[in-house]
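Take a look at the structure set out below.
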Amino acid sequence: MTNATTRAAAGPAHALVHQALPRSADQAGSWVDDNWAGWLEAGLRIVLIVVIAVVLRTLLLRTITRLIERMNRGAEAAANTTLGGLLVNAERRRQRSAAIGSVLKSVTSFVILGTAALTVLSVLKINLAPLLASAGVAGVAIGFGARNLVTDFLSGVFMILEDQYGVGDVIDAGVASGTVIEVGLRVTKLRGDNGEIWYVRNGEVKRIGNLSQGWATAMVDVQVGAGEDLERARAVIATAAEGLAKEDPWDEKLWEPVQVLGLESVGAEFV
């Protein structure tokens, strides 16, 4: 009786298990049938978004590169010409255009790839509100920690765009002075009067005195023997300066006639 009862009780349970398995399989198959079209559509949309982003980014980067190359070719063609009495510095324009191109490429890549990533997440039906909130908090934290780097970068961008100085200019940056040998987005390299190289962070520069931009005044002291006729010496100096102003390359560098100011100091043997 016991064995019979056990078998009788086990029989329906065994049947229920076998009956539940096909039903679960049918539900899974039905679920796949109901959703595969949506999955396929989402996958195709993601592929299309990625392809459009890659193609658009490539085209824009190539366009920026061609514009920079055209600017550099224009600088090389004008390297030996004059503009308003100033010699055109090809290296200065090359570095300026390269820095501008780097900024444009970085901004272009960030905007396109960021937009594509957000669009893909939207296609996957992921709630973007928590992600954007987290990104905002992370951005504030990173910006606070790297504020000096951001300040240097932004200052460098404005210095380059405004053409405050370039390669070959003699500048006084406050913290250091010398001849500019390289202009970067974060650091400017100067060579001092004693040959030292100064690495100046762009964010530290509060004022800039450019001795090479536009025009400048140079003072030259000429020693004359104490017994010489000063009026004759002044006439000789003026004649020599006038002849120098007609020679190359000084005819483009001297904008006004040289002025002889007169006696500045008196010594035992020279004046």
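Identifiers for the structure tokens are assigned positionally: chains receive A, B, ... in sequence, residues are indexed from 1 per chain, and ligands are indexed from 1 in the order shown.
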Using DSSP on the backbone coordinates, identify all residues within segment 90-248 of chain A classified as strand (DSSP E or B); present the result as a tab-separated table (two decimals) with C-alpha atoms, in the first residue's frame.
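Saved to result.tsv:
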chain	number	residue	atom	x	y	z
A	170	VAL	CA	60.68	89.43	-27.70
A	171	ILE	CA	58.19	89.65	-24.86
A	172	ASP	CA	57.99	90.47	-21.17
A	177	SER	CA	61.10	87.66	-20.39
A	178	GLY	CA	62.93	86.64	-23.53
A	179	THR	CA	62.47	85.52	-27.12
A	180	VAL	CA	59.54	83.23	-27.88
A	181	ILE	CA	60.76	79.91	-29.30
A	182	GLU	CA	57.53	77.89	-29.03
A	183	VAL	CA	53.87	78.66	-28.40
A	187	VAL	CA	53.05	76.35	-21.96
A	188	THR	CA	55.04	79.04	-23.76
A	189	LYS	CA	58.81	78.57	-24.12
A	190	LEU	CA	61.06	81.64	-23.88
A	191	ARG	CA	64.82	81.94	-24.31
A	197	ILE	CA	64.87	78.52	-21.48
A	198	TRP	CA	61.79	79.55	-19.51
A	199	TYR	CA	58.69	77.37	-19.48
A	200	VAL	CA	55.86	79.75	-18.68
A	201	ARG	CA	52.37	78.43	-17.98
A	209	GLY	CA	54.70	93.35	-23.17
A	210	ASN	CA	55.55	92.60	-26.82
A	225	GLY	CA	86.40	111.56	-28.79
Q. Can you list, as a PyMOL selection string, every protein, DNA or RNA residue that comes within 9 Å of Glu204 of chain A when you count only C-alpha atoms, leaving out same-chain residues fewer than 3 positions away?
A. chain A and resi 151-152+155+173-175+200-201
**Q.** Among listed residues A:Gly139, A:Gly38, A:Gly43, A:Gly166, nearest Arg96 of chain A (using only C-alpha atoms)
**A.**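 Counting only C-alpha atoms, the residue closest to Arg96 of chain A is A:Gly166.
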How close does each residue of segment 124-233 of chain A get to segment 245-268 of chain A, giving the shortest atom pair and distance in Å to one decimal for every residue with an atom at most 12 Å away, counting only C-alpha atoms, sorted by chain and residue number, as a Markdown table?
| residue | atom | partner | partner_atom | distance |
| --- | --- | --- | --- | --- |
| A:Ser212 | CA | A:Lys253 | CA | 11.1 |
| A:Gly214 | CA | A:Trp255 | CA | 10.7 |
| A:Trp215 | CA | A:Trp255 | CA | 8.4 |
| A:Ala216 | CA | A:Leu254 | CA | 9.8 |
| A:Thr217 | CA | A:Leu254 | CA | 9.8 |
| A:Ala218 | CA | A:Val258 | CA | 9.9 |
| A:Met219 | CA | A:Gln259 | CA | 9.9 |
| A:Val220 | CA | A:Val260 | CA | 9.6 |
| A:Asp221 | CA | A:Glu264 | CA | 8.7 |
| A:Val222 | CA | A:Leu263 | CA | 9.9 |
| A:Gln223 | CA | A:Ser265 | CA | 9.6 |
| A:Val224 | CA | A:Val266 | CA | 9.9 |
| A:Gly225 | CA | A:Ala268 | CA | 9.3 |
| A:Ala226 | CA | A:Ala268 | CA | 7.3 |
| A:Gly227 | CA | A:Ala268 | CA | 10.3 |
| A:Asp229 | CA | A:Leu263 | CA | 11.9 |
| A:Leu230 | CA | A:Leu263 | CA | 8.3 |
| A:Glu231 | CA | A:Gly262 | CA | 9.2 |
| A:Arg232 | CA | A:Gly262 | CA | 11.8 |
| A:Ala233 | CA | A:Gly262 | CA | 10.0 |
Q: Identify which of the residues A:Gln213, A:Asn72, A:Thr63, A:Asn202 lies closest to Phe158 of chain A, counting only C-alpha atoms when measuring atom-to-atom distances.
A: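 Among the listed residues, the smallest separation from Phe158 of chain A belongs to A:Asn202.
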Q | Expected answer as a list of chain:residue names: helix (DSSP H, G or I) residues in segment 144-188 of chain A | A |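 The helix (DSSP H, G or I) subset of segment 144-188 of chain A is A:Phe144, A:Gly145, A:Arg147, A:Asn148, A:Leu149, A:Val150, A:Thr151, A:Asp152, A:Phe153, A:Leu154, A:Ser155, A:Gly156, A:Val157, A:Phe158, A:Met159, A:Ile160, A:Leu161.
For Ala98 of chain A, the set of protein, DNA and RNA residues having any atom at most 12 Å away, when counting only C-alpha atoms and skipping those fewer than 6 positions along the same chain, is Ile64, Thr65, Arg66, Leu67, Ile68, Glu69, Arg70, Met71, Asn72, Glu91, Arg92, Leu104, Lys105, Val157, Ile160, Leu161, Glu182, Val183, Gly184 and Leu185 of chain A.
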Go ahead and write the residues just picked, C-alpha atoms, as a PDB file, in the first residue's frame.
ATOM      1  CA  ILE A  64      40.302  71.146 -40.812  1.00  0.00           C
ATOM      2  CA  THR A  65      43.611  69.555 -41.851  1.00  0.00           C
ATOM      3  CA  ARG A  66      43.306  70.970 -45.364  1.00  0.00           C
ATOM      4  CA  LEU A  67      42.528  74.425 -44.030  1.00  0.00           C
ATOM      5  CA  ILE A  68      45.591  74.299 -41.776  1.00  0.00           C
ATOM      6  CA  GLU A  69      47.774  73.104 -44.663  1.00  0.00           C
ATOM      7  CA  ARG A  70      46.464  75.940 -46.821  1.00  0.00           C
ATOM      8  CA  MET A  71      47.289  78.441 -44.080  1.00  0.00           C
ATOM      9  CA  ASN A  72      50.806  77.001 -43.812  1.00  0.00           C
ATOM     10  CA  GLU A  91      57.142  79.645 -38.309  1.00  0.00           C
ATOM     11  CA  ARG A  92      54.971  81.899 -36.182  1.00  0.00           C
ATOM     12  CA  LEU A 104      39.182  72.578 -33.598  1.00  0.00           C
ATOM     13  CA  LYS A 105      39.871  68.855 -33.984  1.00  0.00           C
ATOM     14  CA  VAL A 157      43.666  79.399 -26.796  1.00  0.00           C
ATOM     15  CA  ILE A 160      46.823  82.217 -29.987  1.00  0.00           C
ATOM     16  CA  LEU A 161      43.507  83.385 -31.414  1.00  0.00           C
ATOM     17  CA  GLU A 182      57.535  77.891 -29.029  1.00  0.00           C
ATOM     18  CA  VAL A 183      53.873  78.664 -28.404  1.00  0.00           C
ATOM     19  CA  GLY A 184      51.714  75.896 -26.956  1.00  0.00           C
ATOM     20  CA  LEU A 185      48.195  75.627 -25.632  1.00  0.00           C
TER      21      LEU A 185
END
Q: Please measure the separation of atom CA of Leu44 of chain A and atom CA of Thr115 of chain A, giving the value in Å to one decimal.
A: 17.4 Å
